[in-house]
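Below is one structure, written out as structure tokens; the observations come after it.
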Amino acid sequence: MPELPEVENARTVIARAGLHRRIVDVDDHDTWVCRPHPPGQIRAALVDRELTVAHRRGKSMWCETSEDGPVLGIHLGMSGKIVVADADGTEVDGGDYWERGRAAGDYRYARFALTFADGGRLMLVDPRRLGRIRLDPPIEELGPDATAITPEQFRAMLGRGTAPVKARLLDQHAVAGIGNLLADDILWRAKVHPGRPVDELTTDDVSALLRATRYAIRTSVRDGGVHTLGSLKLRGPDGRCPRDGSPSEHGVYGGRTTWFCPVDQRR
DNA sequence: TATAGTGTTATCGG
DNA sequence: ACCGATAACACTAT
């Protein structure tokens, strides 16, 4: 269930195991995941080419292809994973990132796959089909990547409007790469209430939010996931604030369940 | 058995 | 036109 760190891991899986291999077949029959492309369109565009570079911005990935081919956009959605397997189905890379209880070689949720000349495959495995594969994705519509955002860009991103700050942090057009758990961690760390309208943030709030964003993104990427974030302790009916031990509260902001400390994070 | 969910986007309303 | 809220997508975990 990817946040930015897991997407970066997936990008490295592609970079390690999916580049410079001739594509001989493409399974693009899932027209929901591959929308708006009709079946066969992505296949026709990729067969006999290779992936040459794997990029990431926020939670979106894209690969350049050989011979001035199209760009292949990959988004993992909420349940997608990249798995590279050998011709016999043995996982070569990405296979350690998997839900419990799956039998080895069970690719029933592969929604898209590239087959290489040696029979190996690169798959988007995605039970919920919330992931997305498309040609020439509109990367330029994304905000600056959360790992590289400058203070000026950060201030501009929060800038105008009446949106709850949590909703703005989740807006991939404003800043790319902050998901629900990272947003809660950033707000908790900065001691800002998730429902505060962005145009009511003080200069100190903005500074604290920038520092918290830097910290949360850096440490979660370093740890390979968001599982080490302190704010996770806020979640659930028995959730408590790791700083002061007070019971957490929750609500919906920006359409997502939000857990916060009512003592630290006042309106 | 019922409900919520680490994401995005089309659509609707103000 | 801009901004924000909501539903939908399909399956799993609790």
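Residues in the structure tokens are numbered from 1 in each chain, the chains being A, B, ... in the order shown, and ligands are numbered from 1 in the order shown.
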- Task: Excluding DT3 in chain B and any residue of its chain fewer than 5 positions from it, enumerate the residues within 12 Å of it, using only C-alpha atoms (C1' of nucleotides), and give them as a PyMOL selection string.
- Result: chain C and resi 12-14
Taking C-alpha atoms (C1' of nucleotides) for each residue, export the selection above as a PDB file, in the first residue's frame.
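What follows is the written file selection.pdb:
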```
ATOM      1  C1'  DT C  12      -8.517  -7.604   1.802  1.00  0.00           C
ATOM      2  C1'  DA C  13      -8.003  -7.226   6.681  1.00  0.00           C
ATOM      3  C1'  DT C  14     -10.155  -6.637  10.961  1.00  0.00           C
TER       4       DT C  14
END
```
- Message: Considering only strand (DSSP E) as DSSP defines it on the backbone, what residues of range 38-245 of chain A qualify? List them as a PyMOL selection string.
- Response: chain A and resi 51-57+60-65+72-75+81-85+91-93+110-116+121-125+132-135
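For the pair CA of Pro237 in chain A and CA of Thr257 in chain A, the separation is 12.6 Å.
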- Query: Got a sec: who's within 12 Å of Thr219 in chain A, counting only C-alpha atoms (C1' of nucleotides), leaving out chain neighbours fewer than 4 positions off, as a list in words?
  - Reply: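 Skipping anything fewer than 4 positions along the chain leaves Leu4, Pro5, Thr147, Leu182, Asp185, Ile186, Ala212, Thr213, Arg214, Tyr215, Asp223, Gly224, Gly225, Val226, His227, Thr228, Leu229 and Gly230 of chain A.
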- Message: Show me, as a PyMOL selection string, every residue of chain A with an atom at most 8 Å from chain B, counting only C-alpha atoms (C1' of nucleotides).
- Response: chain A and resi 1-3+77-78+130+179-181
Kindly save the residues from that selection, with N, CA, C and O atoms included, as a PDB file, in the first residue's frame.
```pdb
ATOM      1  N   MET A   1       0.863  -1.197   0.000  1.00  0.00           N
ATOM      2  CA  MET A   1       0.000   0.000   0.000  1.00  0.00           C
ATOM      3  C   MET A   1       0.883   1.224   0.000  1.00  0.00           C
ATOM      4  O   MET A   1       1.290   1.720   1.040  1.00  0.00           O
ATOM      5  N   PRO A   2       1.150   1.669  -1.160  1.00  0.00           N
ATOM      6  CA  PRO A   2       2.303   2.543  -1.325  1.00  0.00           C
ATOM      7  C   PRO A   2       2.093   3.974  -0.891  1.00  0.00           C
ATOM      8  O   PRO A   2       1.098   4.604  -1.231  1.00  0.00           O
ATOM      9  N   GLU A   3       3.042   4.467  -0.166  1.00  0.00           N
ATOM     10  CA  GLU A   3       3.287   5.891  -0.045  1.00  0.00           C
ATOM     11  C   GLU A   3       4.572   6.140  -0.827  1.00  0.00           C
ATOM     12  O   GLU A   3       5.125   5.225  -1.438  1.00  0.00           O
ATOM     13  N   GLY A  77      -1.370   3.079  -7.370  1.00  0.00           N
ATOM     14  CA  GLY A  77      -2.647   3.189  -6.668  1.00  0.00           C
ATOM     15  C   GLY A  77      -2.475   2.842  -5.205  1.00  0.00           C
ATOM     16  O   GLY A  77      -1.462   3.172  -4.582  1.00  0.00           O
ATOM     17  N   MET A  78      -3.445   2.170  -4.620  1.00  0.00           N
ATOM     18  CA  MET A  78      -3.376   1.872  -3.192  1.00  0.00           C
ATOM     19  C   MET A  78      -2.886   0.456  -2.927  1.00  0.00           C
ATOM     20  O   MET A  78      -2.455   0.151  -1.822  1.00  0.00           O
ATOM     21  N   LEU A 130      -6.616  -0.255  -8.474  1.00  0.00           N
ATOM     22  CA  LEU A 130      -6.600   1.199  -8.372  1.00  0.00           C
ATOM     23  C   LEU A 130      -5.341   1.771  -9.008  1.00  0.00           C
ATOM     24  O   LEU A 130      -5.184   2.992  -9.105  1.00  0.00           O
ATOM     25  N   GLY A 179       1.072  11.152   1.077  1.00  0.00           N
ATOM     26  CA  GLY A 179      -0.135  10.353   1.208  1.00  0.00           C
ATOM     27  C   GLY A 179      -0.758  10.538   2.582  1.00  0.00           C
ATOM     28  O   GLY A 179      -0.303  11.355   3.390  1.00  0.00           O
ATOM     29  N   ASN A 180      -1.787   9.762   2.850  1.00  0.00           N
ATOM     30  CA  ASN A 180      -2.584   9.969   4.057  1.00  0.00           C
ATOM     31  C   ASN A 180      -1.765   9.833   5.343  1.00  0.00           C
ATOM     32  O   ASN A 180      -1.871  10.677   6.244  1.00  0.00           O
ATOM     33  N   LEU A 181      -0.954   8.800   5.420  1.00  0.00           N
ATOM     34  CA  LEU A 181      -0.199   8.589   6.663  1.00  0.00           C
ATOM     35  C   LEU A 181       0.912   9.613   6.815  1.00  0.00           C
ATOM     36  O   LEU A 181       1.171  10.108   7.917  1.00  0.00           O
TER      37      LEU A 181
END
```
